[in-house]
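These notes are about the structure you will find just below.
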Amino acid sequence: MQLLTTLQHRPYVFAFLVAFLAIGILNRGLTRTLLLLVIGYTIAFLSEFSSIRNGFPYGLYHYVYENLRGELLLGGVPVWDSLSYAFIAYASLETAAFFRLRHPILVAAILMTLSDVIIDPLAVRGDRWFLGRIFFYPEPGLYFGVPLTNFFGWFLVALAIFSLYRLAEIRFNLPPPPLRAPWLGAAFYASIALFNLAITFWIGEWVLGAVGAGVGLALLVIARINRKNVDRLFN
């Protein structure tokens with residue numbers, strides 16, 4: 001019953017989750033995709049479980065449980081919220097790989113953190129769209145109400161996810177991924193960003209939307225320049 005209620009309230013999250021599984025299996029195979037799902041969810045859950053109790057790593061925040069009534073929770077954390085980390089992590093990792101960016105684990109962690117530059121301020125304003133007011137910071141931060149510690153936390157968690165995932169690849173001696181359509185991972189990252197940007201502009205947060213769009217355009221330019229430079233080395 002709780003799973004059904006969660007599906008009814010958060011269909012967009014599960015749509016992204018299904019897309020992640022489909023693209024992930026296509027490009028990285030079933031084993032790698034499931035590894036990233038399990039590792040991403042586990043680390044995200046532990047980080048959120050800790051942060052709502054002692055403020056580490058994101059800073060202290062609280063869920064509004066009356067607005068999550070009937071949804072699937074684990075340890076006071078919405079299951080769908082922790083699942084979202086897994087597909088954002090995948091999109092970030094594939095984007096770093098597609099653009100052949102150096103130090104892929106570090107770059108993927110930065111990309112994942114930058115995605116939250118758009119996502120978290122929008123989530124704080126959840127009462128103005130279909131997310132709902134599901135959490136709040138007792139002490140609103142400098143960045144559109146989000147504390148800067150939140151982004152430090154995202155970077156730390158992203159590094160943990162990608163590092164553990166890489167160790168698992170080595171430990172299980174996995175064969176090279178099939179990479180049948182590498183561009184899909186970068187397109188998936190863009191779709192997550194565009195979804196959140198569209199809602200940001202829809203609720204009238206023009207400055208926040210402009211900042212998010214600016215970050216996205218800057219990333220695209222840097223990535224394209226980097227890819228062209230790498231292509232010259234091999235052509």
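By order of appearance in the structure tokens: chains A, B, ..., then residues from 1 within every chain, and ligands from 1 in the order shown.
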Each residue of stretch 27-142 of chain A lying at most 7 Å from stretch 13-23 of chain A should get a row with its shortest atom-to-atom pair and the distance in Å to one decimal, counting only C-alpha atoms; could you produce that, ordered by chain and increasing number, as JSON lines?
```
{"residue": "A:Asn27", "atom": "CA", "partner": "A:Ile23", "partner_atom": "CA", "distance": 6.1}
{"residue": "A:Thr33", "atom": "CA", "partner": "A:Leu21", "partner_atom": "CA", "distance": 6.7}
{"residue": "A:Trp80", "atom": "CA", "partner": "A:Val13", "partner_atom": "CA", "distance": 7.0}
{"residue": "A:Ser84", "atom": "CA", "partner": "A:Val13", "partner_atom": "CA", "distance": 6.8}
{"residue": "A:Phe87", "atom": "CA", "partner": "A:Phe20", "partner_atom": "CA", "distance": 5.6}
```
Quiz prompt | Residue contacts of A:Gly214 (12 Å, only C-alpha atoms) excluding same-chain residues fewer than 5 positions away, as an NGL selection string | solution = :A and (114 or 117-118 or 193 or 197 or 206-209 or 219-221)
So which residues of chain A fall under helix (DSSP H, G or I) by DSSP, listed as a PDB file with C-alpha atoms, in the first residue's frame?
```
ATOM      1  CA  GLN A   2       2.813   2.431   0.879  1.00  0.00           C
ATOM      2  CA  LEU A   3       4.610   1.577  -2.355  1.00  0.00           C
ATOM      3  CA  LEU A   4       1.458   2.259  -4.365  1.00  0.00           C
ATOM      4  CA  THR A   5       0.920   5.591  -2.588  1.00  0.00           C
ATOM      5  CA  THR A   6       4.540   6.550  -3.281  1.00  0.00           C
ATOM      6  CA  LEU A   7       4.145   5.654  -6.958  1.00  0.00           C
ATOM      7  CA  GLN A   8       0.989   7.771  -7.160  1.00  0.00           C
ATOM      8  CA  HIS A   9       2.609  10.782  -5.462  1.00  0.00           C
ATOM      9  CA  PRO A  11       5.549   9.220 -10.684  1.00  0.00           C
ATOM     10  CA  TYR A  12       8.264  11.517 -12.079  1.00  0.00           C
ATOM     11  CA  VAL A  13      10.881   9.971  -9.758  1.00  0.00           C
ATOM     12  CA  PHE A  14      10.011   6.458 -10.873  1.00  0.00           C
ATOM     13  CA  ALA A  15       9.991   7.556 -14.516  1.00  0.00           C
ATOM     14  CA  PHE A  16      13.591   8.733 -14.096  1.00  0.00           C
ATOM     15  CA  LEU A  17      14.406   5.511 -12.234  1.00  0.00           C
ATOM     16  CA  VAL A  18      13.064   3.359 -15.083  1.00  0.00           C
ATOM     17  CA  ALA A  19      15.006   5.456 -17.604  1.00  0.00           C
ATOM     18  CA  PHE A  20      18.169   4.990 -15.523  1.00  0.00           C
ATOM     19  CA  LEU A  21      17.721   1.213 -15.443  1.00  0.00           C
ATOM     20  CA  ALA A  22      17.021   1.003 -19.173  1.00  0.00           C
ATOM     21  CA  ILE A  23      19.932   3.241 -20.235  1.00  0.00           C
ATOM     22  CA  GLY A  24      22.228   1.763 -17.611  1.00  0.00           C
ATOM     23  CA  ILE A  25      21.655  -1.825 -18.724  1.00  0.00           C
ATOM     24  CA  LEU A  26      22.136  -0.765 -22.353  1.00  0.00           C
ATOM     25  CA  ASN A  27      25.424   1.018 -21.711  1.00  0.00           C
ATOM     26  CA  ARG A  28      26.926  -0.611 -18.627  1.00  0.00           C
ATOM     27  CA  GLY A  29      25.225  -3.976 -18.389  1.00  0.00           C
ATOM     28  CA  LEU A  30      22.951  -5.385 -15.713  1.00  0.00           C
ATOM     29  CA  THR A  31      25.618  -6.019 -13.055  1.00  0.00           C
ATOM     30  CA  ARG A  32      27.139  -2.546 -13.153  1.00  0.00           C
ATOM     31  CA  THR A  33      23.703  -0.913 -13.197  1.00  0.00           C
ATOM     32  CA  LEU A  34      22.494  -2.850 -10.173  1.00  0.00           C
ATOM     33  CA  LEU A  35      25.771  -2.141  -8.369  1.00  0.00           C
ATOM     34  CA  LEU A  36      25.339   1.574  -8.879  1.00  0.00           C
ATOM     35  CA  LEU A  37      21.698   1.381  -7.809  1.00  0.00           C
ATOM     36  CA  VAL A  38      22.518  -0.464  -4.576  1.00  0.00           C
ATOM     37  CA  ILE A  39      25.621   1.581  -3.737  1.00  0.00           C
ATOM     38  CA  GLY A  40      23.957   4.874  -4.634  1.00  0.00           C
ATOM     39  CA  TYR A  41      20.837   4.145  -2.619  1.00  0.00           C
ATOM     40  CA  THR A  42      22.719   2.812   0.419  1.00  0.00           C
ATOM     41  CA  ILE A  43      25.132   5.725   0.726  1.00  0.00           C
ATOM     42  CA  ALA A  44      22.366   8.255   0.052  1.00  0.00           C
ATOM     43  CA  PHE A  45      20.123   6.687   2.704  1.00  0.00           C
ATOM     44  CA  LEU A  46      22.912   6.642   5.304  1.00  0.00           C
ATOM     45  CA  SER A  47      23.782  10.266   4.548  1.00  0.00           C
ATOM     46  CA  GLU A  48      20.175  11.411   4.870  1.00  0.00           C
ATOM     47  CA  PHE A  49      19.554   9.267   7.967  1.00  0.00           C
ATOM     48  CA  SER A  50      22.562  10.981   9.557  1.00  0.00           C
ATOM     49  CA  SER A  51      21.820  14.509   8.390  1.00  0.00           C
ATOM     50  CA  ILE A  52      18.247  14.683   9.716  1.00  0.00           C
ATOM     51  CA  ARG A  53      19.599  13.638  13.124  1.00  0.00           C
ATOM     52  CA  ASN A  54      22.961  15.345  13.542  1.00  0.00           C
ATOM     53  CA  TYR A  65       6.031  13.848   7.791  1.00  0.00           C
ATOM     54  CA  GLU A  66       2.398  14.925   7.679  1.00  0.00           C
ATOM     55  CA  ASN A  67       2.997  15.809   4.020  1.00  0.00           C
ATOM     56  CA  LEU A  68       4.576  12.392   3.397  1.00  0.00           C
ATOM     57  CA  VAL A  79      12.766   5.775  -0.060  1.00  0.00           C
ATOM     58  CA  TRP A  80      12.134   7.593  -3.344  1.00  0.00           C
ATOM     59  CA  ASP A  81      14.425  10.450  -2.258  1.00  0.00           C
ATOM     60  CA  SER A  82      17.408   8.172  -1.665  1.00  0.00           C
ATOM     61  CA  LEU A  83      16.679   6.337  -4.933  1.00  0.00           C
ATOM     62  CA  SER A  84      16.976   9.629  -6.803  1.00  0.00           C
ATOM     63  CA  TYR A  85      20.647   9.838  -5.823  1.00  0.00           C
ATOM     64  CA  ALA A  86      21.319   6.625  -7.730  1.00  0.00           C
ATOM     65  CA  PHE A  87      20.019   7.874 -11.064  1.00  0.00           C
ATOM     66  CA  ILE A  88      21.576  11.333 -10.641  1.00  0.00           C
ATOM     67  CA  ALA A  89      24.889   9.593  -9.880  1.00  0.00           C
ATOM     68  CA  TYR A  90      24.552   7.452 -12.993  1.00  0.00           C
ATOM     69  CA  ALA A  91      23.740  10.451 -15.194  1.00  0.00           C
ATOM     70  CA  SER A  92      26.748  12.344 -13.811  1.00  0.00           C
ATOM     71  CA  LEU A  93      29.123   9.412 -14.311  1.00  0.00           C
ATOM     72  CA  GLU A  94      27.990   8.830 -17.883  1.00  0.00           C
ATOM     73  CA  THR A  95      28.269  12.524 -18.719  1.00  0.00           C
ATOM     74  CA  ALA A  96      31.864  12.628 -17.493  1.00  0.00           C
ATOM     75  CA  ALA A  97      32.608   9.507 -19.568  1.00  0.00           C
ATOM     76  CA  PHE A  98      30.846  10.764 -22.704  1.00  0.00           C
ATOM     77  CA  PRO A 104      36.134  10.870 -14.181  1.00  0.00           C
ATOM     78  CA  ILE A 105      35.367  10.124 -10.513  1.00  0.00           C
ATOM     79  CA  LEU A 106      36.202  13.665  -9.417  1.00  0.00           C
ATOM     80  CA  VAL A 107      34.419  15.249 -12.387  1.00  0.00           C
ATOM     81  CA  ALA A 108      31.345  13.038 -11.920  1.00  0.00           C
ATOM     82  CA  ALA A 109      31.206  14.113  -8.256  1.00  0.00           C
ATOM     83  CA  ILE A 110      31.354  17.764  -9.315  1.00  0.00           C
ATOM     84  CA  LEU A 111      28.623  17.216 -11.926  1.00  0.00           C
ATOM     85  CA  MET A 112      26.412  15.506  -9.363  1.00  0.00           C
ATOM     86  CA  THR A 113      26.930  18.370  -6.923  1.00  0.00           C
ATOM     87  CA  LEU A 114      26.180  20.968  -9.589  1.00  0.00           C
ATOM     88  CA  SER A 115      22.919  19.209 -10.422  1.00  0.00           C
ATOM     89  CA  ASP A 116      21.839  19.979  -6.871  1.00  0.00           C
ATOM     90  CA  VAL A 117      22.502  23.665  -7.478  1.00  0.00           C
ATOM     91  CA  ILE A 118      19.220  23.500  -9.407  1.00  0.00           C
ATOM     92  CA  ILE A 119      17.437  20.696  -7.552  1.00  0.00           C
ATOM     93  CA  ASP A 120      17.708  21.641  -3.874  1.00  0.00           C
ATOM     94  CA  PRO A 121      16.544  25.291  -4.021  1.00  0.00           C
ATOM     95  CA  LEU A 122      13.597  24.103  -6.091  1.00  0.00           C
ATOM     96  CA  ALA A 123      12.823  21.376  -3.547  1.00  0.00           C
ATOM     97  CA  VAL A 124      12.852  23.979  -0.750  1.00  0.00           C
ATOM     98  CA  GLY A 126       8.118  22.405  -3.026  1.00  0.00           C
ATOM     99  CA  ASP A 127       4.941  23.939  -1.627  1.00  0.00           C
ATOM    100  CA  ARG A 128       4.658  25.905  -4.896  1.00  0.00           C
ATOM    101  CA  LEU A 148      26.308  25.861   1.586  1.00  0.00           C
ATOM    102  CA  THR A 149      27.004  22.794   3.738  1.00  0.00           C
ATOM    103  CA  ASN A 150      24.406  20.994   1.627  1.00  0.00           C
ATOM    104  CA  PHE A 151      26.615  21.197  -1.449  1.00  0.00           C
ATOM    105  CA  PHE A 152      29.673  20.065   0.505  1.00  0.00           C
ATOM    106  CA  GLY A 153      27.603  17.072   1.598  1.00  0.00           C
ATOM    107  CA  TRP A 154      26.551  16.266  -1.940  1.00  0.00           C
ATOM    108  CA  PHE A 155      30.149  16.362  -3.133  1.00  0.00           C
ATOM    109  CA  LEU A 156      31.283  14.113  -0.298  1.00  0.00           C
ATOM    110  CA  VAL A 157      28.458  11.635  -0.890  1.00  0.00           C
ATOM    111  CA  ALA A 158      29.054  11.641  -4.651  1.00  0.00           C
ATOM    112  CA  LEU A 159      32.750  10.885  -4.131  1.00  0.00           C
ATOM    113  CA  ALA A 160      31.829   8.022  -1.811  1.00  0.00           C
ATOM    114  CA  ILE A 161      29.355   6.569  -4.336  1.00  0.00           C
ATOM    115  CA  PHE A 162      31.747   6.709  -7.288  1.00  0.00           C
ATOM    116  CA  SER A 163      34.774   5.507  -5.331  1.00  0.00           C
ATOM    117  CA  LEU A 164      32.917   2.513  -3.906  1.00  0.00           C
ATOM    118  CA  TYR A 165      31.423   1.744  -7.314  1.00  0.00           C
ATOM    119  CA  ARG A 166      34.895   1.770  -8.880  1.00  0.00           C
ATOM    120  CA  LEU A 167      36.239  -0.497  -6.135  1.00  0.00           C
ATOM    121  CA  ALA A 168      33.360  -2.899  -6.765  1.00  0.00           C
ATOM    122  CA  GLU A 169      34.159  -2.962 -10.497  1.00  0.00           C
ATOM    123  CA  ILE A 170      37.747  -3.904  -9.681  1.00  0.00           C
ATOM    124  CA  ARG A 171      36.813  -6.366  -6.929  1.00  0.00           C
ATOM    125  CA  TRP A 183      25.354   9.756 -25.614  1.00  0.00           C
ATOM    126  CA  LEU A 184      22.199   8.610 -23.812  1.00  0.00           C
ATOM    127  CA  GLY A 185      23.841   9.064 -20.417  1.00  0.00           C
ATOM    128  CA  ALA A 186      24.670  12.712 -21.136  1.00  0.00           C
ATOM    129  CA  ALA A 187      21.158  13.219 -22.536  1.00  0.00           C
ATOM    130  CA  PHE A 188      19.746  11.717 -19.342  1.00  0.00           C
ATOM    131  CA  TYR A 189      21.747  14.196 -17.229  1.00  0.00           C
ATOM    132  CA  ALA A 190      20.448  17.035 -19.401  1.00  0.00           C
ATOM    133  CA  SER A 191      16.859  15.786 -19.061  1.00  0.00           C
ATOM    134  CA  ILE A 192      17.085  15.844 -15.248  1.00  0.00           C
ATOM    135  CA  ALA A 193      18.459  19.387 -15.337  1.00  0.00           C
ATOM    136  CA  LEU A 194      15.863  20.582 -17.865  1.00  0.00           C
ATOM    137  CA  PHE A 195      12.997  19.031 -15.882  1.00  0.00           C
ATOM    138  CA  ASN A 196      14.028  20.955 -12.788  1.00  0.00           C
ATOM    139  CA  LEU A 197      14.763  24.157 -14.696  1.00  0.00           C
ATOM    140  CA  ALA A 198      11.357  24.020 -16.382  1.00  0.00           C
ATOM    141  CA  ILE A 199       9.611  23.818 -13.008  1.00  0.00           C
ATOM    142  CA  THR A 200      11.847  26.578 -11.622  1.00  0.00           C
ATOM    143  CA  PHE A 201      10.735  28.974 -14.362  1.00  0.00           C
ATOM    144  CA  TRP A 202       7.144  27.714 -14.152  1.00  0.00           C
ATOM    145  CA  TRP A 206      13.518  33.622 -12.714  1.00  0.00           C
ATOM    146  CA  VAL A 207      16.770  34.470 -10.939  1.00  0.00           C
ATOM    147  CA  LEU A 208      17.229  30.926  -9.650  1.00  0.00           C
ATOM    148  CA  GLY A 209      16.381  29.565 -13.080  1.00  0.00           C
ATOM    149  CA  ALA A 210      18.840  31.921 -14.773  1.00  0.00           C
ATOM    150  CA  VAL A 211      21.614  30.879 -12.379  1.00  0.00           C
ATOM    151  CA  GLY A 212      20.871  27.196 -13.009  1.00  0.00           C
ATOM    152  CA  ALA A 213      20.728  27.682 -16.780  1.00  0.00           C
ATOM    153  CA  GLY A 214      24.003  29.630 -16.655  1.00  0.00           C
ATOM    154  CA  VAL A 215      25.723  26.817 -14.793  1.00  0.00           C
ATOM    155  CA  GLY A 216      24.391  24.308 -17.316  1.00  0.00           C
ATOM    156  CA  LEU A 217      25.560  26.320 -20.330  1.00  0.00           C
ATOM    157  CA  ALA A 218      29.000  26.837 -18.798  1.00  0.00           C
ATOM    158  CA  LEU A 219      29.320  23.093 -18.217  1.00  0.00           C
ATOM    159  CA  LEU A 220      28.299  22.350 -21.790  1.00  0.00           C
ATOM    160  CA  VAL A 221      30.858  24.773 -23.233  1.00  0.00           C
ATOM    161  CA  ILE A 222      33.662  23.410 -21.042  1.00  0.00           C
ATOM    162  CA  ALA A 223      32.736  19.820 -21.878  1.00  0.00           C
ATOM    163  CA  ARG A 224      32.614  20.488 -25.631  1.00  0.00           C
ATOM    164  CA  ILE A 225      35.980  22.245 -25.592  1.00  0.00           C
ATOM    165  CA  ASN A 226      37.481  19.376 -23.622  1.00  0.00           C
ATOM    166  CA  ARG A 227      36.036  16.742 -25.985  1.00  0.00           C
ATOM    167  CA  LYS A 228      37.391  18.535 -29.046  1.00  0.00           C
ATOM    168  CA  ASN A 229      40.851  18.726 -27.466  1.00  0.00           C
ATOM    169  CA  VAL A 230      40.781  15.017 -26.669  1.00  0.00           C
ATOM    170  CA  ASP A 231      39.565  14.173 -30.191  1.00  0.00           C
ATOM    171  CA  ARG A 232      42.560  16.044 -31.657  1.00  0.00           C
ATOM    172  CA  LEU A 233      44.901  13.784 -29.698  1.00  0.00           C
ATOM    173  CA  PHE A 234      43.472  10.667 -31.337  1.00  0.00           C
TER     174      PHE A 234
END
```
Quiz item: What separation in Å, quoted to one decimal, exists between atom CA of A:Leu101 and atom CA of A:Val146?
Solution: 28.7 Å
Do a neighbour search on A:Phe136 at 7 Å with only C-alpha atoms, toss out local chain neighbours closer than 4 positions, and write the hits as a PDB file with C-alpha atoms, in the first residue's frame.
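As written to disk, part10.pdb reads:
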```
ATOM      1  CA  TYR A  61      17.116  19.598   7.956  1.00  0.00           C
ATOM      2  CA  HIS A  62      13.779  18.042   8.851  1.00  0.00           C
ATOM      3  CA  TYR A  63      11.151  16.186   6.865  1.00  0.00           C
ATOM      4  CA  VAL A 124      12.852  23.979  -0.750  1.00  0.00           C
TER       5      VAL A 124
END
```
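If you look at atom CA of A:Leu142 and atom CA of A:Ile203, they are 20.2 Å away from each other.
Atom CA of A:Gly76 sits 14.3 Å away from atom CA of A:Gly55.
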Practice problem: May I have all residues of stretch 92-210 of chain A that DSSP, computed from the backbone, assigns to strand (DSSP E or B), given as a PyMOL selection string? | Solution: chain A and resi 135-136+141+143+145-146
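Distance check against A:Arg133 using only C-alpha atoms: of A:Pro147, A:Val64, A:Leu73, A:Gly204, the minimum falls on A:Val64.
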